[in-house]
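Q: This is the structure I want to talk about, given as structure tokens.
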Amino acid sequence: MVSLFELGVTDGPAARVASRLIGDFSTFAPWETLDPDAFPDELRARARVGWTESAFNEHCTAAAMAQLVHALVAAGAPLDLIGVASTFAAEELVHVDLCARVAAQLGGGAPIAYDPAALTLEVAPGGTALQVATELVVRVCCVGEAFSLPMLAGARSAASHPVTRAVLDRIVRGEALHGQLGWWYLDWVGPTLDASERARLGAVAREQVAHLRPLWERLRGATTGARSAAEADAWAALGWMPAADYHTLAEQVIADEVLGRLGTYGIC
């Protein structure tokens, strides 16, 4: 079953409560200063797709974080780890909201079709509750979030417009604990992992990295067309890193912040 990615809110009490709990971002940034007419049509269209995809990716991550909390509870993980993880889905919804507002300001979200069933992350069958939780932590936190945080920080540094910079700064601050939880979890569970489980988790990490690689290769290809200073300035305003910088940073982050840190736990 294929659905179209769409966002909305109710006009009832839930919206008012959510505004208090999560925040009201209608006045978060000077949205009106991000003038869509300041960008060439092709670049504006590309930015609408990019920021819509960012909103969708954050939407998917919210689902992954909810799945992670369920797995941690089922595995009997320490309450402090579960408590920290339980805040992540709400934070991801903040990021959905902010990215969607950027896309809307640039002319509206781009259509994205997806399979809702694919929002559930697959794990190796037959594992114990603890093995399921550990696999999800490695996939979501130790690889996915550990990769995304420095990449987002790089985009924030490159962003020159007050709107995109504010949005990226808020996302970076919100993501800070998402990868960190993975290392806290491995500090707890690490002594119980035997050699075969560490090897299995190493394969899980490699598989997750393989899923990420097309993302930055595609993004690198999408930003190789800059020829003039004006175009480079436009990209910076939209929150995009230069292509070569993005690719170099991605390789470095995977080597050092993801695989390197997993290696310190014997997950190679």
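Residue numbering restarts at 1 for every chain of the structure tokens, chains are lettered A, B, ... in their displayed order, and ligands are numbered from 1 as they appear.
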Can you pull out every residue from range 192-246 of chain A that DSSP, working from the backbone, puts in helix (DSSP H, G or I), and format the result as a ChimeraX atom specification?
A: /A:192,195-222,229-237,243-246
Q: Just C-alpha atoms for this one: save the residues we selected as a short mmCIF file (atom, residue, chain, number, x, y, z; two decimals), in the first residue's frame.
A:
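Saved file again-v4.cif follows:
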```
data_model
loop_
_atom_site.label_atom_id
_atom_site.label_comp_id
_atom_site.auth_asym_id
_atom_site.auth_seq_id
_atom_site.Cartn_x
_atom_site.Cartn_y
_atom_site.Cartn_z
CA THR A 192 27.31 -9.33 28.16
CA ALA A 195 32.28 -12.77 20.21
CA SER A 196 29.54 -14.08 17.94
CA GLU A 197 27.13 -11.31 18.96
CA ARG A 198 29.79 -8.67 18.44
CA ALA A 199 30.45 -10.08 14.98
CA ARG A 200 26.74 -10.05 14.20
CA LEU A 201 26.44 -6.44 15.31
CA GLY A 202 29.45 -5.57 13.16
CA ALA A 203 27.59 -6.94 10.16
CA VAL A 204 24.51 -4.95 11.19
CA ALA A 205 26.59 -1.76 11.31
CA ARG A 206 28.14 -2.43 7.89
CA GLU A 207 24.70 -3.04 6.41
CA GLN A 208 23.38 0.21 7.89
CA VAL A 209 26.36 2.15 6.54
CA ALA A 210 25.69 0.64 3.12
CA HIS A 211 22.17 2.08 3.31
CA LEU A 212 23.58 5.52 4.09
CA ARG A 213 26.24 5.69 1.39
CA PRO A 214 23.84 6.27 -1.56
CA LEU A 215 22.39 9.22 0.38
CA TRP A 216 25.57 11.25 0.46
CA GLU A 217 26.66 10.08 -2.99
CA ARG A 218 23.33 11.26 -4.39
CA LEU A 219 23.53 14.55 -2.53
CA ARG A 220 27.07 15.06 -3.73
CA GLY A 221 25.91 14.58 -7.31
CA ALA A 222 23.02 16.97 -6.74
CA ALA A 229 29.72 32.93 -6.65
CA ALA A 230 26.02 33.81 -6.86
CA GLU A 231 25.06 30.14 -7.13
CA ALA A 232 27.35 29.22 -4.25
CA ASP A 233 25.74 31.96 -2.15
CA ALA A 234 22.29 30.63 -3.00
CA TRP A 235 23.26 27.12 -1.90
CA ALA A 236 24.62 28.46 1.37
CA ALA A 237 21.39 30.38 1.94
CA ALA A 243 29.75 19.04 -2.59
CA ALA A 244 33.38 18.22 -1.93
CA ASP A 245 33.09 19.26 1.73
CA TYR A 246 30.00 17.10 2.22
#
```
Q: For Ala255 in chain A, please output as a list in words all residues within 12 Å (counting only C-alpha atoms; exclusion window: fewer than 2 positions along the same chain).
A: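 Everything that qualifies: Val143, Ala146, Phe147, Ala205, Arg206, Val209, Thr248, Leu249, Ala250, Glu251, Gln252, Val253, Glu257, Val258, Leu259, Gly260, Arg261, Leu262, Gly263 and Cys268 of chain A.
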Q: Please produce a file of those selected residues containing N, CA and C atoms, as a compact mmCIF listing (two decimals), in the first residue's frame.
A:
```txt
# COMPACT_ATOMS: atom_id res chain seq x y z
N VAL A 143 24.82 4.19 14.36
CA VAL A 143 25.13 4.46 12.95
C VAL A 143 24.33 5.67 12.46
N ALA A 146 24.56 8.85 14.90
CA ALA A 146 25.97 9.25 15.02
C ALA A 146 26.49 9.83 13.72
N PHE A 147 25.94 9.40 12.59
CA PHE A 147 26.31 9.97 11.30
C PHE A 147 25.63 11.30 11.07
N ALA A 205 26.08 -3.12 11.52
CA ALA A 205 26.59 -1.76 11.31
C ALA A 205 27.02 -1.56 9.86
N ARG A 206 27.71 -2.55 9.28
CA ARG A 206 28.14 -2.43 7.89
C ARG A 206 26.94 -2.32 6.95
N VAL A 209 25.51 1.20 7.25
CA VAL A 209 26.36 2.15 6.54
C VAL A 209 26.12 2.05 5.04
N THR A 248 33.68 14.65 1.80
CA THR A 248 34.83 14.45 2.67
C THR A 248 34.40 14.25 4.11
N LEU A 249 33.46 15.08 4.57
CA LEU A 249 32.98 14.97 5.94
C LEU A 249 32.27 13.64 6.16
N ALA A 250 31.46 13.22 5.19
CA ALA A 250 30.73 11.96 5.34
C ALA A 250 31.68 10.78 5.51
N GLU A 251 32.71 10.72 4.69
CA GLU A 251 33.68 9.63 4.80
C GLU A 251 34.39 9.67 6.15
N GLN A 252 34.73 10.85 6.60
CA GLN A 252 35.43 11.00 7.88
C GLN A 252 34.54 10.58 9.04
N VAL A 253 33.29 10.99 9.00
CA VAL A 253 32.36 10.66 10.08
C VAL A 253 32.13 9.16 10.16
N GLU A 257 33.54 8.50 13.68
CA GLU A 257 32.45 8.62 14.64
C GLU A 257 31.53 7.41 14.66
N VAL A 258 31.53 6.61 13.60
CA VAL A 258 30.65 5.44 13.54
C VAL A 258 31.48 4.15 13.71
N LEU A 259 32.20 3.75 12.67
CA LEU A 259 32.91 2.49 12.73
C LEU A 259 34.04 2.52 13.75
N GLY A 260 34.71 3.66 13.84
CA GLY A 260 35.80 3.75 14.80
C GLY A 260 35.31 3.58 16.23
N ARG A 261 34.22 4.25 16.58
CA ARG A 261 33.73 4.15 17.95
C ARG A 261 33.14 2.78 18.23
N LEU A 262 32.47 2.17 17.24
CA LEU A 262 31.96 0.82 17.44
C LEU A 262 33.13 -0.14 17.68
N GLY A 263 34.24 0.11 17.01
CA GLY A 263 35.40 -0.75 17.20
C GLY A 263 35.93 -0.75 18.62
N CYS A 268 33.32 -4.81 15.18
CA CYS A 268 34.19 -4.42 14.07
C CYS A 268 33.60 -4.85 12.74
```
